[in-house]
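J.: To be precise about what I am sending: the file is called final21.txt and holds compact mmCIF, C-alpha atoms.
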# COMPACT_ATOMS: atom_id res chain seq x y z
CA MET S 1 -0.05 24.95 34.83
CA SER S 2 2.83 27.34 35.34
CA SER S 3 2.28 30.03 37.94
CA ALA S 4 3.90 31.88 40.83
CA VAL S 5 6.46 31.32 43.51
CA THR S 6 7.04 33.20 46.71
CA ARG S 7 9.67 35.88 46.26
CA THR S 8 12.43 36.01 48.81
CA ALA S 9 11.89 38.74 51.39
CA ASP S 10 13.73 39.84 54.50
CA PRO S 11 11.30 38.78 57.25
CA ASP S 12 12.67 41.45 59.56
CA HIS S 13 12.30 44.35 57.12
CA LEU S 14 9.36 46.62 57.94
CA TRP S 15 8.02 48.14 54.75
CA SER S 16 6.47 51.60 54.78
CA VAL S 17 3.03 52.18 53.30
CA ASP S 18 4.58 54.27 50.54
CA GLU S 19 7.21 51.64 49.65
CA HIS S 20 4.58 48.92 49.34
CA LEU S 21 2.32 51.12 47.21
CA GLU S 22 5.21 52.14 44.97
CA ASP S 23 6.11 48.49 44.38
CA ILE S 24 2.51 47.76 43.38
CA LEU S 25 2.19 50.72 41.02
CA THR S 26 5.55 49.99 39.42
CA THR S 27 4.35 46.48 38.60
CA VAL S 28 0.79 47.23 37.49
CA HIS S 29 0.43 48.67 33.97
CA PRO S 30 -2.65 49.95 32.08
CA LEU S 31 -4.57 47.33 30.12
CA GLU S 32 -4.22 47.32 26.34
CA PRO S 33 -6.80 49.45 24.46
CA ILE S 34 -9.71 47.84 22.65
CA GLU S 35 -12.52 49.13 20.41
CA LEU S 36 -15.95 48.80 22.04
CA ASN S 37 -19.52 49.67 21.20
CA LEU S 38 -20.76 52.66 23.17
CA LEU S 39 -22.79 50.83 25.80
CA ASP S 40 -20.03 48.28 26.32
CA ALA S 41 -17.62 51.17 26.89
CA GLN S 42 -19.53 52.55 29.87
CA GLY S 43 -17.16 52.95 32.82
CA CYS S 44 -14.09 52.59 30.62
CA VAL S 45 -11.35 55.17 30.08
CA LEU S 46 -11.06 56.90 26.72
CA VAL S 47 -7.69 56.33 25.03
CA ASP S 48 -7.73 59.07 22.38
CA ASP S 49 -9.12 62.58 22.11
CA VAL S 50 -12.44 62.61 20.24
CA THR S 51 -12.96 65.37 17.65
CA VAL S 52 -16.42 66.49 16.58
CA PRO S 53 -17.00 65.50 12.93
CA VAL S 54 -20.23 67.48 12.51
CA SER S 55 -21.61 70.46 14.41
CA LEU S 56 -24.19 69.88 17.09
CA PRO S 57 -26.93 70.73 16.41
CA PRO S 58 -26.16 70.26 12.72
CA PHE S 59 -28.74 72.87 11.65
CA ASP S 60 -30.77 75.75 13.09
CA ASN S 61 -33.82 74.24 14.77
CA SER S 62 -36.75 75.20 16.92
CA SER S 63 -36.66 74.84 20.70
CA MET S 64 -40.46 75.20 20.93
CA ASP S 65 -43.66 73.99 19.32
CA GLY S 66 -45.06 77.03 17.54
CA TYR S 67 -44.85 79.00 14.33
CA ALA S 68 -41.80 80.00 12.28
CA VAL S 69 -42.28 83.59 11.12
CA ARG S 70 -40.53 86.76 9.99
CA VAL S 71 -39.80 89.31 12.73
CA THR S 72 -41.43 92.24 10.91
CA ASP S 73 -44.67 90.29 10.50
CA VAL S 74 -45.24 90.01 14.27
CA ALA S 75 -43.80 93.35 15.39
CA GLY S 76 -46.26 95.10 17.71
CA ALA S 77 -48.60 92.09 17.94
CA SER S 78 -50.91 91.92 20.97
CA GLU S 79 -54.07 90.13 22.06
CA GLU S 80 -56.09 93.23 21.19
CA PHE S 81 -54.37 93.68 17.84
CA PRO S 82 -52.98 90.28 16.80
CA ALA S 83 -50.86 89.72 13.73
CA VAL S 84 -52.83 87.54 11.35
CA LEU S 85 -50.59 85.30 9.23
CA GLU S 86 -51.30 82.74 6.54
CA VAL S 87 -50.23 79.21 7.59
CA VAL S 88 -48.54 77.66 4.55
CA GLY S 89 -47.47 74.28 5.95
CA ASP S 90 -45.93 72.12 8.66
CA VAL S 91 -42.34 71.24 9.48
CA ALA S 92 -41.69 68.40 11.91
CA ALA S 93 -38.51 67.03 13.45
CA GLY S 94 -36.70 64.95 10.86
CA ALA S 95 -38.17 66.85 7.91
CA ALA S 96 -35.80 66.95 4.95
CA HIS S 97 -37.60 69.72 3.06
CA ALA S 98 -39.40 72.73 4.46
CA VAL S 99 -41.82 75.25 3.03
CA ARG S 100 -40.38 78.75 2.54
CA VAL S 101 -41.79 81.49 4.77
CA GLY S 102 -42.65 84.62 2.84
CA PRO S 103 -44.07 87.99 3.90
CA GLY S 104 -47.27 87.61 5.93
CA GLN S 105 -46.79 83.84 6.21
CA ALA S 106 -46.11 81.32 8.98
CA VAL S 107 -45.13 77.67 9.07
CA ARG S 108 -46.27 75.51 11.95
CA ILE S 109 -43.08 74.05 13.49
CA MET S 110 -42.33 71.36 16.04
CA THR S 111 -39.56 71.20 18.62
CA GLY S 112 -36.33 70.02 16.98
CA ALA S 113 -37.52 70.71 13.45
CA PRO S 114 -35.19 72.68 11.13
CA LEU S 115 -35.94 76.41 10.81
CA PRO S 116 -37.52 76.79 7.36
CA PRO S 117 -36.06 79.15 4.73
CA GLY S 118 -37.20 82.73 5.13
CA ALA S 119 -38.10 82.36 8.82
CA GLU S 120 -36.26 84.55 11.31
CA THR S 121 -37.79 83.55 14.62
CA VAL S 122 -40.21 81.14 16.30
CA VAL S 123 -43.38 82.16 18.12
CA PRO S 124 -44.45 79.60 20.78
CA VAL S 125 -47.92 78.17 20.17
CA GLU S 126 -48.99 79.56 23.56
CA TRP S 127 -48.58 83.08 22.10
CA THR S 128 -51.15 82.30 19.38
CA ASP S 129 -54.71 81.14 18.88
CA GLY S 130 -53.43 77.91 17.30
CA GLY S 131 -55.37 78.71 14.13
CA LEU S 132 -58.73 78.34 15.93
CA GLY S 133 -59.76 81.98 15.71
CA GLU S 134 -60.20 82.29 19.47
CA GLY S 135 -57.93 83.28 22.40
CA PRO S 136 -54.46 81.94 23.33
CA VAL S 137 -54.13 78.15 23.33
CA SER S 138 -52.01 75.85 25.50
CA GLY S 139 -50.90 73.49 22.74
CA MET S 140 -51.39 72.12 19.24
CA ARG S 141 -53.86 69.55 18.12
CA ALA S 142 -52.36 66.33 16.79
CA ARG S 143 -51.91 66.51 13.01
CA SER S 144 -53.69 63.17 12.58
CA LEU S 145 -56.77 64.62 14.32
CA SER S 146 -56.62 68.09 12.80
CA PRO S 147 -54.68 68.19 9.49
CA GLU S 148 -56.27 71.55 8.66
CA GLY S 149 -54.06 73.08 11.39
CA ALA S 150 -51.25 73.30 8.83
CA SER S 151 -53.31 75.69 6.70
CA GLY S 152 -55.62 78.63 7.16
CA HIS S 153 -54.60 81.54 9.38
CA VAL S 154 -53.07 81.98 12.80
CA ARG S 155 -53.36 84.97 15.10
CA VAL S 156 -50.15 85.90 16.94
CA HIS S 157 -50.62 87.80 20.20
CA ARG S 158 -47.01 88.73 21.05
CA PRO S 159 -43.97 89.92 19.10
CA ALA S 160 -40.75 87.88 18.96
CA GLU S 161 -37.14 89.01 18.59
CA ALA S 162 -34.88 87.69 15.86
CA ARG S 163 -33.87 84.07 16.42
CA ALA S 164 -35.96 83.73 19.55
CA HIS S 165 -36.52 80.05 20.45
CA VAL S 166 -34.02 78.99 17.80
CA ARG S 167 -31.18 76.62 18.64
CA ALA S 168 -28.34 77.73 16.39
CA GLU S 169 -26.24 75.34 14.35
CA GLY S 170 -23.09 74.49 16.35
CA SER S 171 -24.38 76.14 19.55
CA ASP S 172 -23.51 72.96 21.47
CA VAL S 173 -20.25 71.94 19.75
CA ARG S 174 -18.78 72.82 16.37
CA ALA S 175 -17.14 70.56 13.83
CA GLY S 176 -13.45 70.31 14.66
CA ASP S 177 -13.94 70.96 18.40
CA ARG S 178 -12.55 68.45 20.89
CA ALA S 179 -15.56 66.66 22.31
CA LEU S 180 -13.79 64.53 24.94
CA GLU S 181 -10.21 64.29 26.14
CA ALA S 182 -8.19 61.10 26.42
CA GLY S 183 -8.40 59.83 30.00
CA THR S 184 -12.11 60.61 30.36
CA VAL S 185 -14.18 57.97 32.14
CA LEU S 186 -17.22 57.30 29.98
CA GLY S 187 -20.43 57.76 31.92
CA PRO S 188 -23.97 58.28 30.57
CA PRO S 189 -23.46 61.97 29.58
CA GLN S 190 -20.22 61.19 27.72
CA ILE S 191 -21.84 58.26 25.92
CA ALA S 192 -24.74 60.54 24.97
CA LEU S 193 -22.30 63.04 23.45
CA LEU S 194 -20.47 60.34 21.49
CA ALA S 195 -23.76 59.06 20.09
CA ALA S 196 -24.91 62.61 19.29
CA ILE S 197 -21.83 63.26 17.14
CA GLY S 198 -22.24 59.94 15.35
CA ARG S 199 -19.68 57.72 17.10
CA GLY S 200 -20.93 54.14 17.44
CA THR S 201 -17.66 52.71 18.77
CA VAL S 202 -14.77 54.13 20.73
CA ARG S 203 -11.24 53.06 21.70
CA VAL S 204 -10.91 52.57 25.44
CA ARG S 205 -8.98 50.71 28.08
CA PRO S 206 -11.35 48.00 29.31
CA ARG S 207 -12.56 47.81 32.87
CA PRO S 208 -10.22 45.48 34.79
CA ARG S 209 -11.51 42.05 35.77
CA VAL S 210 -10.86 41.58 39.48
CA VAL S 211 -11.28 38.21 41.18
CA VAL S 212 -11.89 38.39 44.95
CA LEU S 213 -11.27 35.31 47.04
CA SER S 214 -11.57 34.98 50.82
CA THR S 215 -9.94 32.23 52.87
CA GLY S 216 -10.83 30.59 56.16
CA SER S 217 -12.52 27.37 57.26
CA GLU S 218 -14.51 29.39 59.78
CA LEU S 219 -16.33 31.37 57.07
CA VAL S 220 -19.98 30.70 56.23
CA GLN S 221 -22.03 32.30 53.47
CA PRO S 222 -24.79 34.73 54.50
CA ASP S 223 -28.22 33.08 54.92
CA GLU S 224 -26.61 29.82 56.01
CA GLN S 225 -26.77 28.49 59.56
CA LEU S 226 -23.77 29.37 61.73
CA GLY S 227 -22.07 26.52 63.55
CA ARG S 228 -19.92 26.76 66.63
CA GLY S 229 -16.82 28.88 65.98
CA GLN S 230 -18.06 30.09 62.59
CA ILE S 231 -18.63 33.61 61.26
CA TYR S 232 -20.20 34.98 58.12
CA ASP S 233 -17.94 35.81 55.18
CA SER S 234 -18.16 39.58 54.86
CA ASN S 235 -14.77 40.32 53.31
CA SER S 236 -15.45 38.85 49.89
CA PHE S 237 -18.67 40.89 49.65
CA ALA S 238 -17.01 44.09 50.87
CA LEU S 239 -14.03 43.80 48.54
CA THR S 240 -16.07 42.80 45.51
CA ALA S 241 -18.34 45.79 46.07
CA ALA S 242 -15.30 48.03 46.59
CA ALA S 243 -13.71 46.77 43.36
CA ARG S 244 -16.89 47.55 41.43
CA ASP S 245 -17.04 50.97 43.06
CA ALA S 246 -13.48 51.59 41.87
CA GLY S 247 -14.52 50.83 38.28
CA ALA S 248 -13.69 47.14 37.90
CA ILE S 249 -15.70 44.16 36.75
CA ALA S 250 -15.45 42.10 39.93
CA TYR S 251 -16.04 38.40 40.48
CA ARG S 252 -16.62 37.09 43.99
CA VAL S 253 -15.33 33.56 44.53
CA GLY S 254 -16.28 33.37 48.19
CA ALA S 255 -14.67 31.47 51.01
CA VAL S 256 -12.04 28.78 50.46
CA ALA S 257 -11.22 26.45 53.34
CA ASP S 258 -7.81 26.47 55.04
CA ASP S 259 -6.34 23.87 52.75
CA ALA S 260 -3.30 24.80 50.66
CA GLU S 261 -4.06 22.42 47.79
CA THR S 262 -7.67 23.60 47.47
CA LEU S 263 -6.61 27.21 47.57
CA ARG S 264 -3.83 26.61 45.05
CA SER S 265 -6.15 24.97 42.51
CA THR S 266 -8.81 27.66 43.04
CA ILE S 267 -6.31 30.43 42.30
CA GLU S 268 -5.09 28.63 39.19
CA ASP S 269 -8.68 28.11 37.98
CA GLN S 270 -9.53 31.79 38.44
CA LEU S 271 -6.55 33.18 36.53
CA VAL S 272 -8.35 32.76 33.20
CA ARG S 273 -10.76 35.60 34.04
CA ALA S 274 -8.52 37.89 36.06
CA ASP S 275 -6.57 41.03 35.34
CA LEU S 276 -6.02 41.34 39.08
CA MET S 277 -6.49 38.89 41.95
CA VAL S 278 -7.27 39.83 45.54
CA THR S 279 -7.20 37.37 48.42
CA THR S 280 -8.13 38.11 52.00
CA GLY S 281 -6.97 36.14 55.02
CA GLY S 282 -4.17 33.65 55.55
CA VAL S 283 -1.24 36.08 55.35
CA SER S 284 -0.22 36.29 59.01
CA VAL S 285 2.01 33.94 61.00
CA GLY S 286 -0.51 31.39 62.26
CA ALA S 287 -0.33 27.65 61.64
CA TYR S 288 -3.46 27.83 59.47
CA ASP S 289 -2.53 30.90 57.42
CA VAL S 290 -2.43 28.95 54.17
CA VAL S 291 -2.16 31.69 51.52
CA LYS S 292 1.61 31.81 51.95
CA GLU S 293 1.81 28.04 51.87
CA ALA S 294 -0.37 27.77 48.78
CA LEU S 295 1.44 30.43 46.79
CA SER S 296 4.84 29.00 47.59
CA HIS S 297 3.97 25.87 45.58
CA VAL S 298 1.76 27.12 42.77
CA GLY S 299 3.14 25.93 39.43
CA ASP S 300 6.80 25.95 38.44
CA GLU S 301 9.14 27.55 40.94
CA ASP S 302 11.63 28.62 38.28
CA GLU S 303 9.33 30.81 36.23
CA ALA S 304 11.11 34.09 35.60
CA GLY S 305 9.50 37.22 36.90
CA SER S 306 6.82 35.49 38.99
CA GLY S 307 6.44 35.55 42.70
CA VAL S 308 4.38 36.71 45.65
CA GLU S 309 6.25 38.36 48.48
CA PHE S 310 4.78 38.50 51.98
CA ARG S 311 5.68 41.53 54.04
CA LYS S 312 5.18 43.38 57.27
CA LEU S 313 4.13 46.99 56.85
CA ALA S 314 4.55 49.85 59.29
CA MET S 315 0.81 50.46 59.45
CA GLN S 316 -2.21 49.70 61.60
CA PRO S 317 -4.47 48.04 60.72
CA GLY S 318 -3.03 45.92 57.91
CA LYS S 319 0.48 45.00 58.97
CA PRO S 320 0.68 41.66 57.07
CA GLN S 321 0.48 42.08 53.29
CA GLY S 322 1.39 40.10 50.21
CA PHE S 323 2.02 41.22 46.65
CA GLY S 324 3.37 39.74 43.46
CA VAL S 325 2.38 38.23 40.13
CA VAL S 326 0.98 34.79 39.38
CA GLY S 327 0.39 32.65 36.33
CA PRO S 328 1.91 32.61 32.86
CA ASP S 329 0.41 36.06 32.16
CA HIS S 330 1.91 37.49 35.35
CA ILE S 331 -1.43 38.54 36.85
CA PRO S 332 -0.92 40.90 39.81
CA LEU S 333 -2.07 39.42 43.12
CA LEU S 334 -2.61 41.35 46.33
CA ALA S 335 -2.96 39.27 49.48
CA LEU S 336 -4.74 41.23 52.18
CA PRO S 337 -5.23 40.49 55.88
CA GLY S 338 -8.38 38.70 57.03
CA ASN S 339 -9.68 41.07 59.68
CA PRO S 340 -12.53 43.05 58.06
CA VAL S 341 -11.23 46.54 58.80
CA SER S 342 -7.65 45.59 57.93
CA SER S 343 -8.90 44.13 54.68
CA TYR S 344 -10.96 47.17 53.71
CA VAL S 345 -8.32 49.73 54.67
CA SER S 346 -5.75 47.74 52.69
CA PHE S 347 -8.08 47.74 49.70
CA GLU S 348 -8.46 51.52 49.80
CA LEU S 349 -4.73 52.12 50.12
CA PHE S 350 -3.39 49.51 47.71
CA VAL S 351 -6.02 47.70 45.60
CA ARG S 352 -8.07 50.70 44.53
CA PRO S 353 -5.00 52.51 43.12
CA ALA S 354 -3.99 49.30 41.33
CA ILE S 355 -7.42 49.00 39.70
CA ARG S 356 -7.33 52.61 38.56
CA ALA S 357 -3.79 52.13 37.22
CA LEU S 358 -5.04 49.17 35.16
CA MET S 359 -7.79 51.44 33.81
CA GLY S 360 -5.18 53.96 32.68
CA LEU S 361 -6.39 56.76 34.93
CA ALA S 362 -4.04 59.54 36.00
CA ASP S 363 -5.79 60.12 39.34
CA LEU S 364 -5.34 56.89 41.29
CA HIS S 365 -6.19 57.87 44.84
CA ARG S 366 -9.11 58.91 46.98
CA PRO S 367 -9.26 62.65 47.66
CA ARG S 368 -7.63 63.85 50.88
CA ALA S 369 -8.33 66.83 53.10
CA ARG S 370 -7.16 68.49 56.30
CA ALA S 371 -9.57 68.46 59.22
CA ALA S 372 -9.67 69.40 62.88
CA LEU S 373 -9.95 66.37 65.16
CA VAL S 374 -13.11 66.35 67.28
CA ALA S 375 -12.74 63.88 70.16
CA ASP S 376 -13.30 63.59 73.92
CA LYS S 377 -9.69 62.62 74.52
CA ALA S 378 -6.38 62.23 72.76
CA LEU S 379 -6.03 59.44 70.22
CA SER S 380 -3.19 57.01 70.83
CA SER S 381 -1.17 55.47 68.03
CA PRO S 382 1.61 52.83 68.00
CA LYS S 383 5.06 54.32 67.57
CA GLY S 384 6.55 53.84 64.12
CA ARG S 385 3.23 52.84 62.53
CA ARG S 386 1.00 54.86 60.24
CA GLN S 387 -2.45 54.42 61.73
CA PHE S 388 -5.73 54.65 59.86
CA LEU S 389 -8.76 55.25 62.07
CA ARG S 390 -12.34 55.38 60.90
CA GLY S 391 -14.07 58.75 61.07
CA LYS S 392 -16.97 60.97 60.05
CA TYR S 393 -15.96 64.08 58.12
CA ALA S 394 -18.02 67.27 57.79
CA ASP S 395 -17.30 70.98 57.44
CA GLY S 396 -13.56 70.71 58.02
CA GLU S 397 -13.89 68.50 61.11
CA VAL S 398 -13.50 64.77 61.62
CA THR S 399 -14.83 62.65 64.48
CA PRO S 400 -13.55 59.11 65.21
CA VAL S 401 -16.07 56.30 64.75
CA GLY S 402 -15.52 53.21 66.89
CA GLY S 403 -12.14 52.14 68.16
CA ALA S 404 -8.90 51.01 66.60
CA GLY S 405 -9.83 47.31 66.54
CA SER S 406 -9.49 45.69 63.13
CA HIS S 407 -12.68 43.64 63.63
CA LEU S 408 -15.11 46.54 64.08
CA VAL S 409 -17.28 46.19 60.97
CA ALA S 410 -20.18 48.21 62.39
CA ALA S 411 -17.95 51.23 62.97
CA LEU S 412 -16.60 50.93 59.43
CA ALA S 413 -20.15 50.97 58.05
CA HIS S 414 -20.76 54.37 59.64
CA ALA S 415 -17.47 55.95 58.57
CA ASP S 416 -16.91 58.10 55.49
CA ALA S 417 -13.24 58.90 56.04
CA LEU S 418 -9.97 57.49 57.33
CA ILE S 419 -8.07 59.54 59.88
CA VAL S 420 -4.34 59.31 59.14
CA VAL S 421 -2.01 59.36 62.15
CA PRO S 422 1.61 59.56 60.91
CA GLU S 423 4.36 57.21 62.00
CA GLY S 424 6.00 59.75 64.26
CA ALA S 425 2.94 60.50 66.38
CA GLU S 426 2.05 58.44 69.46
CA SER S 427 -0.96 60.59 70.37
CA VAL S 428 -3.13 63.24 68.74
CA GLU S 429 -4.88 65.83 70.88
CA PRO S 430 -8.42 67.06 70.16
CA GLY S 431 -8.39 70.10 67.90
CA THR S 432 -5.23 68.99 66.10
CA GLU S 433 -5.33 69.28 62.32
CA VAL S 434 -5.07 65.81 60.79
CA GLU S 435 -5.07 64.37 57.28
CA VAL S 436 -8.18 62.44 56.25
CA VAL S 437 -8.83 60.14 53.31
CA LEU S 438 -12.37 60.77 52.01
CA LEU S 439 -14.11 57.49 51.22
CA GLY S 440 -17.32 58.67 49.66
Would you encode the structure as structure tokens?
T.:
Amino acid sequence: MSSAVTRTADPDHLWSVDEHLEDILTTVHPLEPIELNLLDAQGCVLVDDVTVPVSLPPFDNSSMDGYAVRVTDVAGASEEFPAVLEVVGDVAAGAAHAVRVGPGQAVRIMTGAPLPPGAETVVPVEWTDGGLGEGPVSGMRARSLSPEGASGHVRVHRPAEARAHVRAEGSDVRAGDRALEAGTVLGPPQIALLAAIGRGTVRVRPRPRVVVLSTGSELVQPDEQLGRGQIYDSNSFALTAAARDAGAIAYRVGAVADDAETLRSTIEDQLVRADLMVTTGGVSVGAYDVVKEALSHVGDEDEAGSGVEFRKLAMQPGKPQGFGVVGPDHIPLLALPGNPVSSYVSFELFVRPAIRALMGLADLHRPRARAALVADKALSSPKGRRQFLRGKYADGEVTPVGGAGSHLVAALAHADALIVVPEGAESVEPGTEVEVVLLG
């Protein structure tokens, strides 16, 4: 099949973090909109504004189980001198027709039922004797067990103001209002609103399909026995989970051995279900870093517009990076380093924004804040590199977690922020205000 080639790059050029990110976001475009059923649209981004076709609620209805009455008929009511009203019927939720309430009358009403004609307010059942001729009751008897409850008389022990316990027509949203704006991510409350106003389908940008593939002959799946020189594959799990957290539908391929032909065929096989591909490992300068080798011979080398370029970035961790497009559909591919911290930091800085760009979101990045550095000693940073250290953020302060090593997975698991040390700083003293990227 036709796929990608390696784009020519100056091996001596050191890309900045911002240049690399800009190249990615210039290449990645929002996915085409599709019409989905409501539950299938969960997590997707709304393409168009949604206008309310019918007011919500669509009619005046009761917020309590009780009795629909006229205000004057219960004025001055008390337990000593209750208002005695004739019960002329029931109205339940979903009732199409209701009995009219006249002077001296009451209609037993259920929560959500339409306010019957002539009624001005609702008296909760707890303010009445429930038609039993005794003191206040705590609830109504089931109609199937006591049908006579919809007739006879009820004693009301408290007065009620006009429209008390009545949910007015349009008190939630009115017909013609804008229910949801384009760009809204559809979660459970938004889906509830769409269903409530009668929308069964909605036009959205679908959640991107992200394929995550790790490389390395030393990698073993969790629960398997480790051999000499082997480690467990954590990157593919971390990045798949991170992609799902970002809003994608993520597929974990797992570890591929350090063999260019195997890796090449695996990438080609996975393109059919990918809107974005992410590899981890094999992008450095070692003899067994096969991602570069594999992508330099995938498919036809003369395909216009294709290519994966491997770069060195002025950052730590995550100096080696790759980016380009592969396959006949020009699927974006981000090749991340293999060290766990390098891989995860690279995901947060580059892959997460790409996923959110595919979703059509305006806000692509994690929130950032300023915080005072809390540390026992100054932090050192390589000159000319933007360093990202793990940290714990709280109440305007950030404390480093672990060291700068790109293999420190345990420290990463306890961090909720990245401390950003700019390129021009070689050390940061305790108490200095620093920028932090908030991860959770």
J.: For a cut-off of 12 Å around (-12.1, 28.2, 42.0), file coordinates, pick out all residues using all atoms listed in the file and list them as a ChimeraX atom specification.
T.: /S:211-215,251-257,261-274
J.: Show me as a list in words the residues that reach within 7 Å of (-51.2, 79.9, 24.0), counting all atoms listed in the file and using the file's own coordinates.
T.: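 Output of the proximity query reads Val125, Glu126, Trp127, Thr128, Asp129, Pro136, Val137, Ser138 and Gly139 of chain S.
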J.: Looking at S:Pro159, S:Glu218, S:Glu181, S:Asp395, which one is nearest to S:Phe81, with distances taken over all atoms listed in the file?
T.: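 Nearest to S:Phe81: S:Pro159.
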J.: Using Å and a single decimal, report how far atom CA of S:Leu349 sits from atom CA of S:Lys319.
T.: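 So the answer is 12.5 Å.
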J.: Please compute the atom CA of S:Ala93-atom CA of S:Val50 distance, one decimal, in Å.
T.: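 Spanning atom CA of S:Ala93 to atom CA of S:Val50 is a straight-line distance of 27.3 Å.
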J.: When you draw a straight line from atom CA of S:Met64 to atom CA of S:Gly131, how long is it in Å?
T.: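 Distance between the two atoms: 16.8 Å.
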J.: Excluding S:Arg108 and any residue of its chain fewer than 4 positions from it, enumerate the residues within 7 Å of it, using all atoms listed in the file, and give them as a list in words.
T.: Gly66, Tyr67, Ala68, Val87, Gly89, Asp90, Val91 and Ala150 of chain S
J.: Between S:Ala162, S:Leu31, S:Ala314, S:Ala182, single out the one closest to S:Ala362, counting all atoms listed in the file.
T.: S:Ala182
